[in-house]
file upload.txt (compact mmCIF, C-alpha atoms)
# COMPACT_ATOMS: atom_id res chain seq x y z
CA MET A 1207 106.81 186.66 31.40
CA SER A 1208 105.38 184.65 34.24
CA LYS A 1209 107.57 182.23 36.16
CA LYS A 1210 104.84 179.60 35.82
CA ARG A 1211 105.10 179.80 32.07
CA PHE A 1212 108.85 179.38 32.22
CA ASP A 1213 108.52 176.50 34.69
CA LYS A 1214 106.27 174.68 32.24
CA ALA A 1215 108.51 175.48 29.27
CA PHE A 1216 111.64 174.29 31.08
CA ALA A 1217 109.99 171.03 32.14
CA LYS A 1218 108.84 170.38 28.56
CA PHE A 1219 112.31 171.14 27.22
CA ILE A 1220 114.08 168.88 29.70
CA ARG A 1221 111.81 165.93 28.94
CA SER A 1222 112.08 166.33 25.16
CA SER A 1223 114.93 164.49 23.50
CA GLU A 1224 114.27 165.63 19.94
CA GLU A 1225 116.80 167.63 17.99
CA LYS A 1226 115.74 171.24 17.87
CA ILE A 1227 117.18 172.40 14.56
CA THR A 1228 118.31 170.78 11.31
CA PRO A 1229 121.98 171.26 10.43
CA LYS A 1230 121.04 172.99 7.17
CA THR A 1231 119.11 175.70 9.02
CA PHE A 1232 121.79 175.85 11.71
CA PHE A 1233 124.62 176.63 9.28
CA GLN A 1234 122.48 179.02 7.23
CA VAL A 1235 121.71 181.01 10.35
CA LEU A 1236 125.36 181.04 11.49
CA ASP A 1237 126.44 182.26 8.05
CA GLU A 1238 123.94 185.09 8.23
CA ILE A 1239 125.09 186.10 11.71
CA GLU A 1240 128.70 186.19 10.51
CA ARG A 1241 127.82 188.28 7.48
CA GLU A 1242 126.10 190.82 9.69
CA ARG A 1243 129.05 190.87 12.10
CA ALA A 1244 131.32 191.98 9.25
CA GLN A 1245 130.29 195.59 9.71
CA LYS A 1246 132.56 196.97 7.11
CA THR A 1247 133.98 195.49 3.96
CA ILE A 1248 137.38 196.67 2.78
CA GLU A 1249 138.38 195.73 -0.73
CA LEU A 1250 141.96 195.57 -1.79
CA GLN A 1251 143.43 195.40 -5.26
CA ALA A 1252 146.46 193.27 -5.98
CA ARG A 1253 148.47 191.87 -8.84
CA ILE A 1254 151.05 189.13 -9.18
CA VAL A 1255 154.58 190.42 -9.77
CA GLU A 1256 157.27 187.77 -10.30
CA GLY A 1257 155.14 185.17 -8.49
CA GLN A 1258 154.47 187.38 -5.48
CA LEU A 1259 151.29 189.20 -4.57
CA GLN A 1260 151.57 192.98 -4.65
CA PHE A 1261 148.79 195.04 -3.04
CA ALA A 1262 147.97 198.40 -4.54
CA PRO A 1263 148.08 201.26 -2.01
CA SER A 1264 144.83 201.54 -0.05
CA PRO A 1265 143.43 204.56 1.82
CA GLU A 1266 141.76 202.24 4.33
CA LEU A 1267 144.48 199.80 5.30
CA SER A 1268 148.22 199.89 5.60
CA VAL A 1269 149.66 197.58 2.94
CA ARG A 1270 153.12 196.90 1.56
CA GLY A 1271 153.99 194.26 -0.98
CA ASN A 1272 152.10 191.14 0.13
CA GLU A 1273 151.59 192.37 3.70
CA ILE A 1274 148.64 193.97 5.48
CA TRP A 1275 148.88 195.69 8.84
CA LEU A 1276 145.66 195.54 10.84
CA GLY A 1277 145.81 196.77 14.40
CA GLN A 1278 148.50 194.72 16.09
CA GLN A 1279 148.49 192.07 13.41
CA ARG A 1280 150.69 191.75 10.36
CA ILE A 1281 148.97 189.60 7.76
CA VAL A 1282 151.17 188.07 5.05
CA VAL A 1283 149.40 186.69 1.97
CA HIS A 1284 151.13 184.02 -0.11
CA VAL A 1285 150.01 182.90 -3.53
CA SER A 1286 149.86 179.13 -3.91
CA SER A 1287 150.02 177.17 -7.10
CA GLY A 1288 146.80 175.35 -6.13
CA ASP A 1289 148.35 171.81 -6.36
CA MET B 281 118.78 185.35 51.43
CA PRO B 282 121.26 187.74 49.76
CA ASN B 283 120.03 190.54 47.57
CA ILE B 284 120.00 189.35 43.96
CA GLN B 285 119.91 191.59 40.93
CA ILE B 286 119.98 190.60 37.26
CA THR B 287 121.09 193.03 34.57
CA LEU B 288 120.54 192.14 30.92
CA PRO B 289 122.59 193.76 28.12
CA VAL B 290 120.75 196.61 26.40
CA SER B 291 121.33 194.89 23.06
CA LEU B 292 119.05 192.04 24.20
CA THR B 293 115.71 193.09 22.75
CA ALA B 294 112.15 191.98 23.44
CA PRO B 295 112.14 189.81 20.29
CA HIS B 296 115.31 188.10 21.58
CA LEU B 297 113.67 187.38 24.93
CA ASN B 298 110.46 186.17 23.31
CA THR B 299 112.35 183.66 21.19
CA VAL B 300 114.24 182.40 24.27
CA LEU B 301 110.91 181.38 25.76
CA LYS B 302 109.76 179.96 22.43
CA TYR B 303 112.97 177.89 22.25
CA PHE B 304 111.98 176.11 25.44
CA GLU B 305 108.25 175.96 24.70
CA ARG B 306 108.16 174.82 21.09
CA ALA B 307 111.53 174.78 19.34
CA ASN B 308 110.08 172.81 16.42
CA ARG B 309 108.01 175.89 15.47
CA ILE B 310 110.95 178.30 15.35
CA SER B 311 111.54 179.89 11.93
CA PRO B 312 115.06 180.52 10.54
CA PRO B 313 114.91 184.27 11.38
CA GLU B 314 113.87 183.32 14.92
CA TRP B 315 116.77 180.84 15.20
CA LYS B 316 119.07 183.75 14.49
CA LEU B 317 117.52 185.57 17.45
CA VAL B 318 117.89 182.45 19.61
CA PHE B 319 121.63 182.13 18.93
CA GLU B 320 122.20 185.85 19.37
CA ALA B 321 120.18 185.78 22.60
CA PHE B 322 122.19 183.00 24.24
CA ASP B 323 125.39 184.70 23.14
CA LEU B 324 124.26 188.03 24.61
CA LEU B 325 122.96 186.38 27.77
CA GLY B 326 126.50 185.23 28.48
CA ARG B 327 127.30 188.90 29.12
CA ALA B 328 124.29 189.53 31.35
CA THR B 329 125.22 189.90 35.01
CA VAL B 330 123.92 188.55 38.28
CA LYS B 331 124.71 190.45 41.47
CA ILE B 332 124.58 188.31 44.59
CA GLY B 333 125.08 190.51 47.62
CA ARG B 334 128.05 192.66 46.61
CA ARG B 335 129.50 190.19 44.10
CA ARG B 336 128.69 190.71 40.40
CA ILE B 337 129.56 188.16 37.74
CA THR B 338 128.42 187.44 34.20
CA PHE B 339 126.01 184.63 33.41
CA ARG B 340 128.87 182.85 31.69
CA GLN B 341 131.05 183.05 34.78
CA PHE B 342 128.14 181.95 36.92
CA TYR B 343 127.59 178.89 34.71
CA GLU B 344 131.28 177.94 34.71
CA ARG B 345 131.94 178.57 38.40
CA GLU B 346 128.63 177.56 39.97
CA VAL B 347 126.79 175.18 37.66
CA GLU B 348 129.48 173.21 35.88
CA ARG B 349 131.65 172.83 38.96
CA ARG B 350 128.63 171.72 40.98
CA TYR B 351 127.24 169.10 38.61
CA ALA B 352 129.73 168.10 35.91
CA ASP B 353 132.03 165.72 37.79
CA ASP B 354 129.26 163.66 39.38
CA PHE B 355 127.33 163.54 36.11
CA LEU B 356 130.37 162.30 34.21
CA ASN B 357 131.21 159.72 36.86
CA ASP B 358 127.64 158.41 36.73
CA LEU B 359 127.64 158.51 32.92
CA LEU B 360 130.84 156.48 32.75
CA ALA B 361 129.25 153.86 34.99
CA THR B 362 126.19 153.34 32.76
CA ASP B 363 125.72 150.34 30.50
CA VAL B 364 124.04 152.35 27.74
CA PRO B 365 125.51 155.85 27.89
CA GLU B 366 123.18 157.57 25.40
CA ALA B 367 119.90 156.30 26.81
CA GLU B 368 120.82 156.13 30.50
CA GLY B 369 122.78 159.34 30.12
CA GLU B 370 119.64 161.11 28.99
CA THR B 371 117.92 160.18 32.27
CA LEU B 372 120.93 161.45 34.22
CA GLN B 373 120.96 164.65 32.17
CA GLN B 374 117.28 165.27 32.89
CA LYS B 375 117.71 164.56 36.60
CA VAL B 376 120.54 167.10 36.88
CA ALA B 377 118.55 169.65 34.85
CA PHE B 378 115.63 169.44 37.29
CA ASN B 379 118.01 169.54 40.28
CA LEU B 380 119.70 172.60 38.77
CA LEU B 381 116.41 174.47 38.53
CA THR B 382 115.45 173.44 42.09
CA TRP B 383 118.78 174.70 43.41
CA LEU B 384 118.43 178.02 41.58
CA GLU B 385 114.93 178.42 43.04
CA GLN B 386 116.02 177.53 46.57
CA ASP B 387 118.85 180.06 46.43
CA GLY B 388 116.55 182.78 45.13
CA LEU B 389 118.34 182.91 41.78
CA TYR B 390 115.23 181.84 39.86
CA HIS B 391 112.38 183.56 41.62
CA SER B 392 109.23 185.40 40.62
CA GLU B 393 110.37 188.41 42.66
CA VAL B 394 113.78 188.65 41.00
CA ALA B 395 113.27 190.39 37.67
CA ASP B 396 114.77 188.56 34.68
CA SER B 397 115.97 185.64 36.79
CA GLU B 398 114.18 183.32 34.35
CA TYR B 399 116.89 184.22 31.83
CA LEU B 400 119.63 183.10 34.20
CA ALA B 401 117.79 179.81 34.57
CA ALA B 402 117.33 179.62 30.79
CA TYR B 403 121.03 180.26 30.16
CA CYS B 404 122.13 177.63 32.66
CA LEU B 405 119.68 175.06 31.30
CA TYR B 406 120.73 175.72 27.69
CA TRP B 407 124.43 175.20 28.39
CA TRP B 408 123.87 172.29 30.74
CA THR B 409 121.93 170.51 28.00
CA SER B 410 124.66 171.21 25.46
CA PHE B 411 127.35 169.94 27.86
CA ALA B 412 125.48 166.77 28.75
CA ARG B 413 124.51 165.90 25.17
CA GLY B 414 128.08 166.27 24.02
CA TYR B 415 129.47 163.97 26.69
CA ARG B 416 126.71 161.38 26.28
CA PHE B 417 127.76 161.08 22.65
CA GLU B 418 131.46 160.99 23.51
CA VAL B 419 131.10 158.29 26.14
CA ALA B 420 128.88 156.23 23.81
CA ILE B 421 131.52 156.43 21.07
CA LEU B 422 134.38 155.48 23.41
CA ARG B 423 132.31 152.54 24.66
CA GLU B 424 131.75 151.38 21.05
CA LEU B 425 135.46 151.56 20.34
CA GLN B 426 136.15 149.40 23.40
CA THR B 427 133.49 146.91 22.35
CA ALA B 428 134.98 146.73 18.87
CA GLY B 429 138.36 145.88 20.41
CA ILE B 430 140.07 148.96 18.98
CA VAL B 431 143.21 150.02 20.83
CA PHE B 432 143.15 153.69 21.82
CA THR B 433 143.98 156.09 24.65
CA ALA B 434 141.49 158.74 25.68
CA HIS B 435 141.59 161.73 27.98
CA ASP B 436 140.15 161.13 31.43
CA LEU B 437 136.75 162.81 31.56
CA ARG B 438 136.77 162.64 35.34
CA ILE B 439 139.63 165.16 35.42
CA ARG B 440 138.34 168.65 34.57
CA ALA B 441 141.64 169.89 33.11
CA GLU B 442 141.77 166.94 30.69
CA ARG B 443 138.29 167.77 29.39
CA PHE B 444 139.83 170.92 27.90
CA SER B 445 142.53 169.06 25.97
CA PRO B 446 142.67 169.84 22.23
CA TYR B 447 141.97 166.19 21.39
CA ASP B 448 139.88 163.46 23.00
CA LEU B 449 141.72 160.31 21.97
CA VAL B 450 144.74 158.90 20.16
CA ILE B 451 144.62 155.90 17.82
CA ASP B 452 147.83 154.67 16.22
CA ARG B 453 149.52 158.03 16.93
CA ARG B 454 146.70 159.93 15.23
CA LEU B 455 144.86 162.59 17.24
CA GLY B 456 141.09 162.39 17.27
CA ASP B 457 138.22 164.44 18.58
CA ILE B 458 134.59 163.50 19.21
CA LYS B 459 132.03 166.14 18.28
CA HIS B 460 128.28 165.91 18.81
CA THR B 461 127.62 168.04 15.71
CA THR B 462 129.53 169.24 12.67
CA TYR B 463 129.48 172.78 14.11
CA PHE B 464 133.27 172.46 14.56
CA LEU B 465 133.61 172.72 10.76
CA HIS B 466 132.00 176.13 10.95
CA THR B 467 134.44 177.40 13.60
CA ALA B 468 137.29 175.77 11.60
CA ARG B 469 136.78 178.44 8.95
CA ALA B 470 138.51 180.82 11.37
CA LEU B 471 140.68 178.39 13.37
CA PRO B 472 142.27 175.50 11.43
CA LEU B 473 141.42 171.89 12.24
CA GLN B 474 143.97 170.49 14.67
CA CYS B 475 143.12 166.80 14.76
CA ASP B 476 143.68 164.00 12.29
CA PHE B 477 140.16 162.65 12.58
CA TYR B 478 136.80 163.66 14.00
CA ILE B 479 134.05 161.28 15.08
CA THR B 480 130.78 163.12 14.69
CA ARG B 481 127.25 162.84 13.27
CA LEU B 482 125.93 163.62 9.85
CA TYR B 483 122.31 164.47 9.26
CA HIS B 484 120.69 162.40 6.52
CA ALA B 485 118.11 164.86 5.18
CA ARG B 486 116.04 162.26 3.35
CA ARG B 487 115.86 159.83 6.28
CA ARG B 488 115.65 162.74 8.75
CA ARG B 489 118.04 161.17 11.19
CA TYR B 490 121.65 161.39 12.28
CA GLN B 491 124.31 158.88 11.38
CA PRO B 492 127.68 158.55 13.14
CA ILE B 493 130.56 159.31 10.78
CA VAL B 494 134.27 159.99 10.86
CA ILE B 495 135.91 162.89 9.04
CA LEU B 496 139.63 162.33 8.40
CA THR B 497 142.50 164.18 6.82
CA GLU B 498 143.72 162.65 3.56
CA GLU B 499 146.96 161.51 5.20
CA THR B 500 145.10 159.71 7.98
CA TRP B 501 142.77 157.99 5.51
CA ARG B 502 145.73 156.88 3.38
CA GLU B 503 146.89 154.73 6.31
CA LEU B 504 143.53 152.95 6.27
CA ASN B 505 143.38 152.71 2.50
CA GLY B 506 140.44 152.73 0.14
CA ALA B 507 139.06 154.39 -2.97
CA VAL B 508 137.01 157.54 -2.46
CA THR B 509 134.20 159.22 -4.38
CA THR B 510 134.01 162.98 -4.74
CA ALA B 511 131.04 164.45 -2.89
CA THR B 512 130.05 167.29 -0.58
CA LEU B 513 129.13 167.10 3.09
CA GLU B 514 125.49 167.50 2.03
CA THR B 515 125.63 164.57 -0.43
CA ALA B 516 128.07 162.25 1.39
CA ALA B 517 125.30 160.28 3.13
CA GLU B 518 123.75 159.45 -0.26
CA ILE B 519 126.84 157.51 -1.36
CA PHE B 520 127.53 155.70 1.93
CA PRO B 521 128.92 153.21 2.66
CA ALA B 522 131.38 154.32 -0.05
CA PRO B 523 133.94 156.76 1.41
CA ALA B 524 133.38 160.35 0.29
CA GLN B 525 136.05 162.92 -0.46
CA ILE B 526 134.98 166.48 0.22
CA VAL B 527 136.82 169.76 -0.10
CA PHE B 528 136.90 171.94 2.98
CA GLN B 529 138.80 175.24 3.10
CA GLY B 530 140.77 174.19 0.03
CA LYS B 531 141.84 170.83 1.51
CA ASN B 532 140.55 167.32 0.90
CA LEU B 533 138.84 165.57 3.78
CA ILE B 534 137.48 162.04 3.76
CA VAL B 535 134.06 161.25 5.19
CA VAL B 536 133.20 157.64 6.07
CA THR B 537 130.61 155.90 8.16
CA PHE B 538 131.68 155.16 11.72
CA ASP B 539 131.18 151.43 11.13
CA LEU B 540 133.42 151.38 8.05
CA TRP B 541 136.11 153.38 9.82
CA LYS B 542 136.05 151.04 12.86
CA GLU B 543 136.39 148.05 10.52
CA ARG B 544 139.41 149.56 8.76
CA VAL B 545 141.11 150.61 12.00
CA LYS B 546 140.59 147.18 13.57
CA ARG B 547 141.94 145.46 10.47
CA ARG B 548 145.04 147.65 10.46
CA GLN B 549 145.68 147.14 14.16
CA GLN B 550 145.31 143.36 13.80
CA LYS B 551 147.80 143.36 10.89
CA GLU B 552 150.34 145.21 13.00
CA THR B 553 150.12 142.87 16.02

call {"tool": "encode", "arguments": {"input": "upload.txt", "output": "C-alpha cells"}}
result
Amino acid sequence: MSKKRFDKAFAKFIRSSEEKITPKTFFQVLDEIERERAQKTIELQARIVEGQLQFAPSPELSVRGNEIWLGQQRIVVHVSSGD
Amino acid sequence: MPNIQITLPVSLTAPHLNTVLKYFERANRISPPEWKLVFEAFDLLGRATVKIGRRRITFRQFYEREVERRYADDFLNDLLATDVPEAEGETLQQKVAFNLLTWLEQDGLYHSEVADSEYLAAYCLYWWTSFARGYRFEVAILRELQTAGIVFTAHDLRIRAERFSPYDLVIDRRLGDIKHTTYFLHTARALPLQCDFYITRLYHARRRRYQPIVILTEETWRELNGAVTTATLETAAEIFPAPAQIVFQGKNLIVVTFDLWKERVKRRQQKET
C-alpha cells in the first residue's frame, strides 16, 4: 500500500466528522465477534433440589452442588425467585 | 535516525489490512462483515510491535506512552477553554491529528521506507480520534450542566490519574459517567454497571441522528420521580419525551432524554435548597 494513498486517506478521515457506523451494525458485529471467540461450548445439566441448584457430574468441568471450578475460579450459581 | 522496525501479528491478514485502509478512505461503504474485520484489525494492531533502536514496544504501549502523553493534556486544557466544546473541539482534534502524523513522519515512524509503518500511524490516529471525540462530548455535557445551574462535582480532566476514575461526576451523592456511545452497555454484559446514571447518546434510526439521553438505575430515577413506559433501547426514542423503562441483564433501567433529566434534577435541587 503506498504511503501517498494512506496520506490521502488519513487527511480525508481527519476532516470528516460523520459517524462511521450505525449502533445497530456496531452491536451486531460485536455480538458476532464474541460468538466466534467462544471457541468451545460446554453444556451442563442441573436440577433444583430443595431450592438449590444441583449440577449433574460433567466430564468436561469440575462441578459440585451449585459450584463450578474453572481454572483458578470457583463459580457459584444461585437460583433467584425472579422478583 | 534510529533503526525502526514494525512487526505485525501473523493473525493480521491481508483482508484485515485492506479494511483498515478502507476505514480511512470510505468508512460509509464498509459492509457488516468488513466492520468485523475493522474491529478485529485494530484490536490485533494493539499487539503489533515497533522496534526503535533496541527498544521494542507494542503499538498499544506506544500510543499510551508516546501519543497520549504528548498530546492529551494540552488538548484537554484547550478544550476546556473553548466556548463551544463540540464544534471548537473538533477543530482542535483535527489539528492534533495532523500534528501527530507530522511528528510520526519526522521521527521516521511513518515513512515509505519503513515497512508497515502506515499501520502504526493508522492505529495512533484511530485511538486519538476515539479519545478526542469522547472528551469533546464529555466537556460539552459538563458545560450544559453548568449552564443549566445544576450542582455537581466532576473529576478534573487536566489530571491524568483522575481521567481513569470509575465515574466522571457526582450529583446529589449519585455517581455518574459520561459515555460517547452506548458501547458501555455491551461491555457491561461481562462487567456490571458501576454508576447510578450514564449520560450518553441514543441513535434515532428514523431521524438518523443521535440524541443525548440519560440511562439511570431504578433507584436513582425514583428520586427524580415520574411514570415510565416499558420499551427497549431500540424503541425508547419513539416514545420520548416519555421516560422509558428497559430491561438490561435482568434489571430495570430508565432511559430519559437529557433535557428531561436536567429539568428533574434542577427541580429536585431547588426544592432541597

call {"tool": "closest_residue", "arguments": {"input": "upload.txt", "among": "B:Ile421, B:Thr480, B:Ile439, B:Ala485", "to": "chain A", "atoms": "all atoms listed in the file"}}
result
B:Ala485

call {"tool": "closest_atom_pairs", "arguments": {"input": "upload.txt", "of": "chain A", "to": "chain B", "cutoff": "7 Å", "atoms": "all atoms listed in the file", "output": "Markdown table"}}
result
| residue | atom | partner | partner_atom | distance |
| --- | --- | --- | --- | --- |
| A:Lys1209 | CA | B:Ser392 | CA | 5.7 |
| A:Phe1212 | CA | B:Glu398 | CA | 7.0 |
| A:Ala1215 | CA | B:Glu305 | CA | 4.6 |
| A:Phe1216 | CA | B:Phe304 | CA | 5.9 |
| A:Lys1218 | CA | B:Glu305 | CA | 6.8 |
| A:Phe1219 | CA | B:Phe304 | CA | 5.3 |
| A:Ile1220 | CA | B:Gln374 | CA | 5.8 |
| A:Arg1221 | CA | B:Gln374 | CA | 6.8 |
| A:Lys1226 | CA | B:Ala307 | CA | 5.7 |
| A:Pro1229 | CA | B:Tyr483 | CA | 6.9 |
| A:Thr1231 | CA | B:Pro312 | CA | 6.5 |
| A:Val1235 | CA | B:Lys316 | CA | 5.6 |

call {"tool": "residues_around", "arguments": {"input": "upload.txt", "residues": "Gln1258 (chain A)", "least_positions_apart": "6", "cutoff": "8 Å", "atoms": "only C-alpha atoms", "output": "MDAnalysis selection string"}}
result
chainID A and resid 1272 1284:1285

call {"tool": "residues_around", "arguments": {"input": "upload.txt", "residues": "region 495-503 of chain B", "least_positions_apart": "5", "cutoff": "8 Å", "atoms": "all atoms listed in the file", "output": "PyMOL selection string"}}
result
chain B and resi 454+476-480+532-536

call {"tool": "atom_distance", "arguments": {"input": "upload.txt", "atom1": "CA of Gln1279 (chain A)", "atom2": "CA of Glu1238 (chain A)"}}
result
26.0 Å

call {"tool": "atom_distance", "arguments": {"input": "upload.txt", "atom1": "CA of Leu1250 (chain A)", "atom2": "CA of Ser1268 (chain A)"}}
result
10.6 Å

call {"tool": "residues_around", "arguments": {"input": "upload.txt", "residues": "Leu356 (chain B)", "least_positions_apart": "4", "cutoff": "9 Å", "atoms": "only C-alpha atoms", "output": "ChimeraX atom specification"}}
result
/B:351-352,360-361,412,415-416,437-438

call {"tool": "atom_distance", "arguments": {"input": "upload.txt", "atom1": "CA of Glu1242 (chain A)", "atom2": "CA of Pro295 (chain B)"}}
result
17.6 Å

call {"tool": "axis_aligned_box", "arguments": {"input": "upload.txt", "around": "region 1261-1264 of chain A", "padding_each_side": "5 Å", "output": "AutoDock Vina command-line options"}}
result
--center_x 146.8 --center_y 198.3 --center_z -2.3 --size_x 14.0 --size_y 16.5 --size_z 14.5

call {"tool": "residues_around", "arguments": {"input": "upload.txt", "residues": "region 1262-1264 of chain A", "least_positions_apart": "2", "cutoff": "6 Å", "atoms": "all atoms listed in the file", "output": "ChimeraX atom specification"}}
result
/A:1251-1252,1266-1267

call {"tool": "decode", "arguments": {"input": "upload.txt", "residues": "region 1232-1254 of chain A", "atoms": "N, CA and C atoms", "output": "PDB file, in the first residue's frame"}}
result
ATOM      1  N   PHE A1232     -22.992  -1.849  14.675  1.00  0.00           N
ATOM      2  CA  PHE A1232     -21.912  -1.941  15.648  1.00  0.00           C
ATOM      3  C   PHE A1232     -22.161  -3.089  16.617  1.00  0.00           C
ATOM      4  N   PHE A1233     -23.339  -3.144  17.229  1.00  0.00           N
ATOM      5  CA  PHE A1233     -23.615  -4.185  18.216  1.00  0.00           C
ATOM      6  C   PHE A1233     -23.754  -5.555  17.561  1.00  0.00           C
ATOM      7  N   GLN A1234     -24.291  -5.590  16.357  1.00  0.00           N
ATOM      8  CA  GLN A1234     -24.413  -6.880  15.654  1.00  0.00           C
ATOM      9  C   GLN A1234     -23.019  -7.465  15.413  1.00  0.00           C
ATOM     10  N   VAL A1235     -22.112  -6.604  15.000  1.00  0.00           N
ATOM     11  CA  VAL A1235     -20.751  -7.063  14.710  1.00  0.00           C
ATOM     12  C   VAL A1235     -20.054  -7.516  16.000  1.00  0.00           C
ATOM     13  N   LEU A1236     -20.225  -6.747  17.084  1.00  0.00           N
ATOM     14  CA  LEU A1236     -19.601  -7.138  18.352  1.00  0.00           C
ATOM     15  C   LEU A1236     -20.136  -8.480  18.828  1.00  0.00           C
ATOM     16  N   ASP A1237     -21.456  -8.689  18.672  1.00  0.00           N
ATOM     17  CA  ASP A1237     -22.051  -9.961  19.083  1.00  0.00           C
ATOM     18  C   ASP A1237     -21.433 -11.113  18.299  1.00  0.00           C
ATOM     19  N   GLU A1238     -21.234 -10.889  17.022  1.00  0.00           N
ATOM     20  CA  GLU A1238     -20.682 -11.958  16.186  1.00  0.00           C
ATOM     21  C   GLU A1238     -19.239 -12.257  16.594  1.00  0.00           C
ATOM     22  N   ILE A1239     -18.478 -11.226  16.888  1.00  0.00           N
ATOM     23  CA  ILE A1239     -17.086 -11.420  17.313  1.00  0.00           C
ATOM     24  C   ILE A1239     -17.058 -12.223  18.605  1.00  0.00           C
ATOM     25  N   GLU A1240     -17.947 -11.895  19.531  1.00  0.00           N
ATOM     26  CA  GLU A1240     -17.983 -12.618  20.812  1.00  0.00           C
ATOM     27  C   GLU A1240     -18.361 -14.074  20.611  1.00  0.00           C
ATOM     28  N   ARG A1241     -19.327 -14.313  19.733  1.00  0.00           N
ATOM     29  CA  ARG A1241     -19.745 -15.701  19.489  1.00  0.00           C
ATOM     30  C   ARG A1241     -18.578 -16.499  18.934  1.00  0.00           C
ATOM     31  N   GLU A1242     -17.823 -15.919  18.061  1.00  0.00           N
ATOM     32  CA  GLU A1242     -16.674 -16.634  17.488  1.00  0.00           C
ATOM     33  C   GLU A1242     -15.584 -16.858  18.520  1.00  0.00           C
ATOM     34  N   ARG A1243     -15.459 -15.911  19.463  1.00  0.00           N
ATOM     35  CA  ARG A1243     -14.411 -16.037  20.490  1.00  0.00           C
ATOM     36  C   ARG A1243     -14.708 -17.190  21.427  1.00  0.00           C
ATOM     37  N   ALA A1244     -15.996 -17.528  21.591  1.00  0.00           N
ATOM     38  CA  ALA A1244     -16.347 -18.677  22.436  1.00  0.00           C
ATOM     39  C   ALA A1244     -15.999 -19.912  21.629  1.00  0.00           C
ATOM     40  N   GLN A1245     -14.809 -20.388  21.760  1.00  0.00           N
ATOM     41  CA  GLN A1245     -14.320 -21.453  20.882  1.00  0.00           C
ATOM     42  C   GLN A1245     -14.917 -22.799  21.214  1.00  0.00           C
ATOM     43  N   LYS A1246     -15.336 -22.933  22.413  1.00  0.00           N
ATOM     44  CA  LYS A1246     -15.908 -24.214  22.793  1.00  0.00           C
ATOM     45  C   LYS A1246     -17.109 -23.949  23.684  1.00  0.00           C
ATOM     46  N   THR A1247     -18.166 -24.715  23.451  1.00  0.00           N
ATOM     47  CA  THR A1247     -19.337 -24.589  24.302  1.00  0.00           C
ATOM     48  C   THR A1247     -19.417 -25.800  25.195  1.00  0.00           C
ATOM     49  N   ILE A1248     -19.557 -25.595  26.471  1.00  0.00           N
ATOM     50  CA  ILE A1248     -19.721 -26.701  27.422  1.00  0.00           C
ATOM     51  C   ILE A1248     -21.121 -26.590  27.979  1.00  0.00           C
ATOM     52  N   GLU A1249     -21.863 -27.665  27.872  1.00  0.00           N
ATOM     53  CA  GLU A1249     -23.230 -27.642  28.406  1.00  0.00           C
ATOM     54  C   GLU A1249     -23.278 -28.438  29.696  1.00  0.00           C
ATOM     55  N   LEU A1250     -23.955 -27.876  30.656  1.00  0.00           N
ATOM     56  CA  LEU A1250     -24.118 -28.556  31.927  1.00  0.00           C
ATOM     57  C   LEU A1250     -25.594 -28.839  32.166  1.00  0.00           C
ATOM     58  N   GLN A1251     -25.847 -29.924  32.855  1.00  0.00           N
ATOM     59  CA  GLN A1251     -27.227 -30.235  33.259  1.00  0.00           C
ATOM     60  C   GLN A1251     -27.361 -29.944  34.750  1.00  0.00           C
ATOM     61  N   ALA A1252     -28.524 -29.454  35.125  1.00  0.00           N
ATOM     62  CA  ALA A1252     -28.735 -29.170  36.550  1.00  0.00           C
ATOM     63  C   ALA A1252     -30.202 -29.348  36.899  1.00  0.00           C
ATOM     64  N   ARG A1253     -30.466 -29.563  38.164  1.00  0.00           N
ATOM     65  CA  ARG A1253     -31.847 -29.585  38.628  1.00  0.00           C
ATOM     66  C   ARG A1253     -31.907 -28.831  39.950  1.00  0.00           C
ATOM     67  N   ILE A1254     -33.130 -28.485  40.338  1.00  0.00           N
ATOM     68  CA  ILE A1254     -33.313 -27.751  41.596  1.00  0.00           C
ATOM     69  C   ILE A1254     -33.652 -28.770  42.672  1.00  0.00           C
TER      70      ILE A1254
END
